[in-house]
Every structure is written in C-alpha cells, then in structure tokens.
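I have placed the structure first, in the form of structure tokens, so that the comments after it can refer back to it.
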Amino acid sequence: MFALVDGNNFYVSCERVFQPSLQGRPVVVLSSNDGCAIARSNEAKALGIKMGAPWFQIRHLEKEAGLIGLSANLALYGDMSTRMMRITSELGPTQEIYSIDESFIGLHGVRDDLGMRAWTVRNRILKWIGIPCGVGIGPTKTLAKLANHVAKAAERKPGSYPSEFATVCNLAVLSLASREALMAATEVGDVWGVGPRISKQLRDAGVLTALDLARINPALVRERWSVVLERTVRELQGESCLAIEDAPAPKKQIAHTRSFGHPISDLDGLIDAVSSFTVRAAEKLRQQGSVTRHVSVFAHTSPFRSGPNFSRSMVVALPRPTSDTRVLVLAAIRGIKRIYQPGFQLSKAGVMLLDLAPESVSQGELFEQNDSIDSMGISKTLDVINARFGRGAIQLGSSSLKNVRRDWSVTRGRLSPQYTTRWEDLPIVRA
C-alpha cells in the first residue's frame, strides 16, 4: 500500500500561514522577475487564471477582482517543505520526497486503520505548520496519486466527486464498483504519467477516462505507445510496478536558466550572467556525484517585446568528463561568445550540462598536470564556503565583473519576508 501526501496550492499556502489576511482572497505566486503565475489559490483559479499566465496579462485583476501577486519566496517554501516532510514521514516506514510539496509513503506493514492514520497526520500538518494537504491511499503509486487527485478535487470542487472522499481518499477500502466509479469520473489526462500529447492520442483512440485506460490490454499499450504507459496501465489495474525510491535518481541533465530583470545587450553582461549560471549548475552536478561531457548555452529575446528577434544556442564538447567549475565556466563563455550578436535586447539565457555520467568515469590521465587535480579541490572548496556563508559568498572572477551592472539579476518587487530562515524577518507576536 502507498499514500501520497500533497500540499494544497503549496506556495500560496506558505504565504497564508504568515499573512492570514490572504485567506479567501485570489493570490498568485510569480516566477523569477515576477514574470508569470507558478502557483494559484483556489480563488485565483476561479477567476480563470491559468498556470503560467504572464503577470502583465492578468495584472488588471488587481483592481478588478482584488488579485494579489507575490514574488516567489523560495527560502520560505523550502523551509516549510522540510517541516512538512518531517511530519509526513510519520505516516509510514518509508518515504520518497517526490517534489517540494509531495511525498509518497510506503505503508507496508502498517496495521492501523490507514484512513484514520492519514487523517491524523494530515491534521497534524495543518495544526503544526498551517499547510492544508490532500492524502490519497492506494495499492500502487499511480492509484495513490489518483486517490490524491480525487481527495483534492472533492474538496475544491464540490460535485466533481462524492464529498466523503474530500481531503483523504482511501481506495483500499472501496468496493471494485466504487473504485471504478471514481476512475470513470477522472479524465484520462488527470492520470499521473499521461502527458498532454499522449492524452490527446488516447482521446482520439476513444480512451477518455482513467477507467478506459485501465481496461486496455497492457501489451497493446506497449506496442502502440510505450513501456512507460504500459506500466501506468498495469498500476491502474492494481499491479505495483513502481517502488518507493529512498534517494532520488541522478538527473540526466542539469540546467540553470533565468529570465533577466532587465534586457541585456552587451557581451560583458551576458558573460557575467552565464558564468554565474554555470557556477550554480556545477554545484548541482557535484552534489549528485556526476560529471558532464557537454555544456550547452543559449540566449534569446522576449517573444512579448517588440523589436528584432534573436534565439541561438550552442553545445561545447569538453576534452574529458568533468565537474570542475573553472573548466565548465570557460566552456560556457566560449559558447556564448560564439553565438552572441550585438543589437539585440536579450531577455533570457541559460546553461545546460548534458551527457552526465557518474564521477567515477572521470579518470585522470597518466601524465596529467597537478593543476587539473588541484582545480577540483578549488571547486569543492567553493561549494563548502558558499554552503556555510550563503550562495555567492565567493565566486569566480568572470561571474563578478567589476564594471558590469547586474541588470540580469532577478527582480522580486513583491517578496514577502523570509519568516523562518532569517532572524531579521522573524515574526513578532505582541500580547
């Protein structure tokens, strides 16, 4: 048995914990540079605001409907996530943190009433840290995810599912007929692992609901679509194909991209930005114990601004796999110089580390210079210092050019205080 615990509108819920006046009001949390909506309260969703909607297109709702837009407070959200996951782990013996607001819990061997146990943990999260959650329980991870969808939808949209499934839905205690009724009420596109493209193909083939998908022959699904979708079908049929992953699998590629606070047109500013992005990507690379063989860089103008358009990218091959920050930054700078053209107002750039492999494959050459080995030690020392004193405490020279205005830095004009991670922002309660 598995459970999926998922925070409701997590970013918005974190803000509401410390700003109760936001309760019942339409709220959106915006991406970097306050660009687009990445989280929405139920009230904002009721206004028709879509995920990813650009702020400039919905800003008129501030006056018309009382919409509140907030900059993403990632330090707050990360700390609240850690607190929530600690409580969630009490639900069962194993836990897989799936995202910042979701975690799967393995319930194998738990003899308590699973529904009551889920209610207890859910209420504890709400009482102790103020985050409302939905809990889904099922014999497979896919069915637990579907049960979680039912629990949240039944609470948010009365009438979409029976009210008794609101907040906590335990498929394990339902009859086959009741379970199939819930699956018949769930669109195929709402099934975990079914993306928009596959969803359209399934609907064209007459597969409209989760129940329709569960009734397809898995072998036919594998032949016509993929082994991944076949696994989803088998999980919907009650066959467990996905186990709890105690540690996340290493990423196959690592990216660090950013929209600029103000457009960049000069090469020095672009090099400064890309160097900083590469430093951060290299830190992530070393954290998962990997090396990379290729560095990809890109830059483009905004599709929403007038003026000439520019969009170019380039992949730079490395002499040998590495996670050395200095080598990666030099490769990124070489690539950005090749694609750069003057006369364009660039709005976004990024770095991607491709073709990743375990660090063990990066073996030194027989007559390798010691400075290459020493450089790896420097990179790891950078990680230690920045971890202790804050990101950016020490940087490479190319990512801190003295004569460059950091117009590319993120602008967050609607940022709330970092209530739980900075002493200066600690809330004060007066009697």
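Just so we're on the same page: first chain in the structure tokens is A, next is B, and so on; residues restart at 1 for each chain, and ligands are numbered from 1 in the order they show up.
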Could you list, as a ChimeraX atom specification, every residue within 7 Å of segment 236-238 of chain A, counting only C-alpha atoms and ignoring same-chain residues fewer than 5 positions away? /A:139-140,142-143,214
Which neighbours of Leu146 of chain A fall inside 8 Å, counting only C-alpha atoms, when residues of the same chain fewer than 4 positions from it are skipped, and could you give them as an MDAnalysis selection string? chainID A and resid 136 142 150 190:192
Env of Val351 of chain A: 6 Å cut, atoms = only C-alpha atoms, seq-sep filter 3 positions within chain, self excluded. Answer as an mmCIF file with N, CA and C atoms, in the first residue's frame.
```
data_model
loop_
_atom_site.group_PDB
_atom_site.id
_atom_site.type_symbol
_atom_site.label_atom_id
_atom_site.label_comp_id
_atom_site.auth_asym_id
_atom_site.auth_seq_id
_atom_site.Cartn_x
_atom_site.Cartn_y
_atom_site.Cartn_z
ATOM 1 N N ALA A 255 20.203 21.904 -15.620
ATOM 2 C CA ALA A 255 20.056 23.208 -16.275
ATOM 3 C C ALA A 255 19.924 24.308 -15.233
ATOM 4 N N HIS A 256 20.441 25.472 -15.576
ATOM 5 C CA HIS A 256 20.211 26.662 -14.770
ATOM 6 C C HIS A 256 19.938 27.798 -15.756
ATOM 7 N N SER A 296 25.911 23.167 -22.838
ATOM 8 C CA SER A 296 25.059 23.870 -23.806
ATOM 9 C C SER A 296 24.695 25.241 -23.248
ATOM 10 N N VAL A 297 24.793 26.265 -24.081
ATOM 11 C CA VAL A 297 24.407 27.624 -23.685
ATOM 12 C C VAL A 297 23.397 28.162 -24.692
#
```
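DSSP, applied to the backbone of this structure, assigns strand (DSSP E) to the following residues of segment 307-356 of chain A: Ser311, Arg312, Ser313, Met314, Val315, Val316, Ala317, Leu318, Pro319, Arg320, Pro321, Thr322, Leu346, Ser347, Lys348, Ala349, Gly350, Val351, Met352, Leu353 and Leu354 of chain A.
Residue nearest Ile198 of chain A within the list A:Leu213, A:Ile129, A:Leu91, A:Val12: A:Leu213 [criterion: smallest interatomic distance, only C-alpha atoms].
Counting from atom CA of Ala332 of chain A, the distance to atom CA of Val279 of chain A is 10.2 Å.
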Might you pull out every residue within 10 Å of Gly109 of chain A, with only C-alpha atoms counted and same-chain residues fewer than 6 positions away left off, and present them as a ChimeraX atom specification? /A:1,92-93
Kindly export the residues of the current selection with N, CA, C and O atoms, as a CSV table (one decimal), in the first residue's frame.
```csv
chain,number,residue,atom,x,y,z
A,1,MET,N,0.8,-1.2,0.0
A,1,MET,CA,0.0,0.0,0.0
A,1,MET,C,0.9,1.3,0.0
A,1,MET,O,2.0,1.3,0.6
A,92,GLY,N,4.3,6.4,7.6
A,92,GLY,CA,4.7,5.0,7.3
A,92,GLY,C,6.2,4.9,7.4
A,92,GLY,O,6.9,5.8,7.6
A,93,PRO,N,6.7,3.6,7.2
A,93,PRO,CA,8.1,3.3,7.4
A,93,PRO,C,9.0,3.9,6.3
A,93,PRO,O,10.2,4.1,6.6
```
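The space between atom CA of Ser160 of chain A and atom CA of Leu176 of chain A spans 19.5 Å.
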Would you give me, as number ranges by chain, the residues in segment 203-339 of chain A that DSSP reads as helix (DSSP H, G or I)? A: 203-204, 210-214, 218-224, 227-236, 267-287, 325-339
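Note that atom CA of Arg258 of chain A and atom CA of Val327 of chain A are 21.4 Å apart.
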Applying 10 Å and only C-alpha atoms, which residues near Glu180 of chain A remain after dropping the ones on its own chain fewer than 5 positions away? List them as a list in words. Leu174, Ser175, Ala185, Thr186, Ala210, Leu211, Asp212 and Ala214 of chain A
Just C-alpha atoms for this one: save the residues we selected as a PDB file, in the first residue's frame.
```pdb
ATOM      1  CA  LEU A 174     -13.671   0.683  -1.546  1.00  0.00           C
ATOM      2  CA  SER A 175     -15.514  -1.998  -3.444  1.00  0.00           C
ATOM      3  CA  ALA A 185     -15.203  10.244 -13.283  1.00  0.00           C
ATOM      4  CA  THR A 186     -11.497  11.006 -13.821  1.00  0.00           C
ATOM      5  CA  ALA A 210      -8.905   6.562 -16.209  1.00  0.00           C
ATOM      6  CA  LEU A 211     -11.237   3.551 -16.261  1.00  0.00           C
ATOM      7  CA  ASP A 212     -10.995   3.322 -20.044  1.00  0.00           C
ATOM      8  CA  ALA A 214      -7.227   0.686 -17.027  1.00  0.00           C
TER       9      ALA A 214
END
```
Find the nearest atom pair between each residue of segment 12-67 of chain A and segment 110-128 of chain A for residues within 12 Å, count only C-alpha atoms, give distances in Å to one decimal, sort rows by chain and ascending number, and present the table as JSON lines.
```
{"residue": "A:Ser13", "atom": "CA", "partner": "A:Leu126", "partner_atom": "CA", "distance": 10.4}
{"residue": "A:Cys14", "atom": "CA", "partner": "A:Leu126", "partner_atom": "CA", "distance": 11.2}
{"residue": "A:Val17", "atom": "CA", "partner": "A:Leu126", "partner_atom": "CA", "distance": 9.9}
```
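For the set A:Asp6, A:Arg414, A:Gln57, A:Leu70, the residue with the smallest atom-to-atom gap to Tyr98 of chain A is A:Asp6, counting only C-alpha atoms.
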Contacts of Val221 of chain A within 12 Å, only C-alpha atoms, excl. fewer than 3 positions in-chain, as an NGL selection string: :A and (198 or 201-202 or 205 or 207 or 213-218 or 224-234)
Written selection (C-alpha atoms) as a PDB file, in the first residue's frame:
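And here is the file that came out, selection-v3.pdb:
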```pdb
ATOM      1  CA  ILE A 198      -0.346  11.132 -25.047  1.00  0.00           C
ATOM      2  CA  GLN A 201      -3.723  10.445 -28.687  1.00  0.00           C
ATOM      3  CA  LEU A 202      -5.682   8.420 -26.143  1.00  0.00           C
ATOM      4  CA  ALA A 205      -8.492   6.478 -29.762  1.00  0.00           C
ATOM      5  CA  VAL A 207      -9.858   6.365 -24.259  1.00  0.00           C
ATOM      6  CA  LEU A 213      -7.201   3.349 -19.755  1.00  0.00           C
ATOM      7  CA  ALA A 214      -7.227   0.686 -17.027  1.00  0.00           C
ATOM      8  CA  ARG A 215      -9.257  -1.646 -19.258  1.00  0.00           C
ATOM      9  CA  ILE A 216      -6.826  -1.618 -22.197  1.00  0.00           C
ATOM     10  CA  ASN A 217      -4.625  -4.641 -22.783  1.00  0.00           C
ATOM     11  CA  PRO A 218      -1.164  -3.668 -21.456  1.00  0.00           C
ATOM     12  CA  ARG A 224       1.205   1.247 -29.750  1.00  0.00           C
ATOM     13  CA  TRP A 225       2.640   3.737 -27.246  1.00  0.00           C
ATOM     14  CA  SER A 226       5.460   2.850 -24.847  1.00  0.00           C
ATOM     15  CA  VAL A 227       6.565   0.657 -21.987  1.00  0.00           C
ATOM     16  CA  VAL A 228       6.115   3.670 -19.688  1.00  0.00           C
ATOM     17  CA  LEU A 229       2.407   3.934 -20.486  1.00  0.00           C
ATOM     18  CA  GLU A 230       2.098   0.154 -20.200  1.00  0.00           C
ATOM     19  CA  ARG A 231       3.436   0.437 -16.655  1.00  0.00           C
ATOM     20  CA  THR A 232       0.825   3.111 -15.900  1.00  0.00           C
ATOM     21  CA  VAL A 233      -1.937   0.815 -17.156  1.00  0.00           C
ATOM     22  CA  ARG A 234      -0.701  -2.084 -15.032  1.00  0.00           C
TER      23      ARG A 234
END
```
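Of the residues listed (A:Leu107, A:Leu356, A:Leu346, A:Leu270), A:Leu356 shows the shortest atom-to-atom separation from His294 of chain A; distances use only C-alpha atoms.
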